[in-house]
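Report on one structure; see the data block that follows.
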Amino acid sequence: MDAIERHRKKLVPLTFVLTAITILLVAGMMIITFVDVFGRYVLNSPVPGAFELVKFMLGLSIFACYPLVTKNNGHINVSIVDNLLKGRPRWMLQLVILLFSLGIMLLILVSAWTQAESLRQSNFISQFLEFPIAPIVYAMSVFCVIAILFQIGLIWKHFNAGSE
């Protein structure tokens, strides 16, 4: 068992936790939406703040999936020239794609963290529930950091595969 496989086995609990968080967030959105719609149309009493809760949960679920997609190298990429390239040029193209993805991830992290800091400093709260929004954006930033670490792992794996 090589070093990458040992690290992959150690990441199984993290993958499980990220998957569980995503499942709970999506299930929570479905339950809140169902109860809200049922209450609104059957009981004439919607769930107070349901829209805000679903909005927060949607953002968190997207960012919770971000590391999972990254770990599996599942980001969308267009491979127009993929089949035309072989050997070293194909390896280089894949490296450029991985590094570009890392750059975009870093940009997203910086943007999210900057936004969280701005929201925290201005004590910005949600309109209906009066819930502070900064912690949610900080959580999104943490998911970005995890995705970046996975991306660095993919780049490392790519270098090791190229050196063989």
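Each chain in the structure tokens gets a letter, A, B and so on, in the order shown; residues start at 1 in every chain, and ligands are counted from 1 in the order they appear.
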Inset, instruction - Using only C-alpha atoms, determine which residues lie at most 10 Å from region 84-95 of chain A, disregarding the query and same-chain residues fewer than 5 positions distant; provide the list as a VMD selection string. - result: chain A and resid 79 100 to 101 154 to 155 158 to 159 161 to 162
Members of region 45-82 of chain A assigned alpha helix (DSSP H) by DSSP, as a compact mmCIF listing (two decimals) with C-alpha atoms, in the first residue's frame:
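Output below, filename selection-v3.txt:
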```
# COMPACT_ATOMS: atom_id res chain seq x y z
CA ALA A 50 -38.80 28.87 5.90
CA PHE A 51 -37.48 30.77 2.88
CA GLU A 52 -34.44 31.99 4.80
CA LEU A 53 -33.73 28.56 6.28
CA VAL A 54 -33.89 26.91 2.86
CA LYS A 55 -31.72 29.66 1.39
CA PHE A 56 -29.01 29.10 4.03
CA MET A 57 -29.23 25.32 3.72
CA LEU A 58 -28.96 25.49 -0.07
CA GLY A 59 -25.77 27.53 0.08
CA LEU A 60 -24.27 25.25 2.71
CA SER A 61 -25.22 22.10 0.79
CA ILE A 62 -23.56 23.41 -2.38
CA PHE A 63 -20.35 24.19 -0.52
CA ALA A 64 -20.49 20.90 1.43
CA CYS A 65 -20.60 19.04 -1.90
CA TYR A 66 -17.66 21.04 -3.22
CA PRO A 67 -14.96 18.95 -1.46
CA LEU A 68 -16.72 15.71 -2.42
CA VAL A 69 -16.76 16.63 -6.09
CA THR A 70 -13.15 17.76 -5.88
CA LYS A 71 -11.99 14.60 -4.11
```
Legend entry - Shell of 8 Å around Ile148 (chain A), only C-alpha atoms, local chain residues under 5 positions omitted, as an NGL selection string: :A and (67 or 102 or 105-106)
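Near Pro135 (chain A), within 12 Å and counting only C-alpha atoms, sit A:Phe56, A:Leu60, A:Ala112, A:Trp113, A:Gln115, A:Ala116, A:Glu117, A:Ser118, A:Leu119, A:Arg120, A:Gln121, A:Asn123, A:Phe124, A:Ile125, A:Ser126, A:Phe131, A:Ala139, A:Met140, A:Ser141, A:Val142; same-chain residues fewer than 4 positions away were not included.
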Inset, instruction - Write out as a list in words each polymer residue whose atoms come within 10 Å of Val35 (chain A), counting only C-alpha atoms; drop sequence neighbours fewer than 4 positions from it. - result: Met29, Met30, Ile31, Gly39, Arg40, Ser45, Pro46, Val47 and Ala50 of chain A
Inset, instruction - Provide the CA of Val17 (chain A) to CA of Ile104 (chain A) distance in Å, to one decimal place. - result: 24.5 Å
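The spacing separating CA of Gly153 (chain A) from CA of Thr19 (chain A) amounts to 19.0 Å.
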Legend entry - Between CA of Ala134 (chain A) and CA of Val26 (chain A), distance in Å (one decimal): 20.9 Å
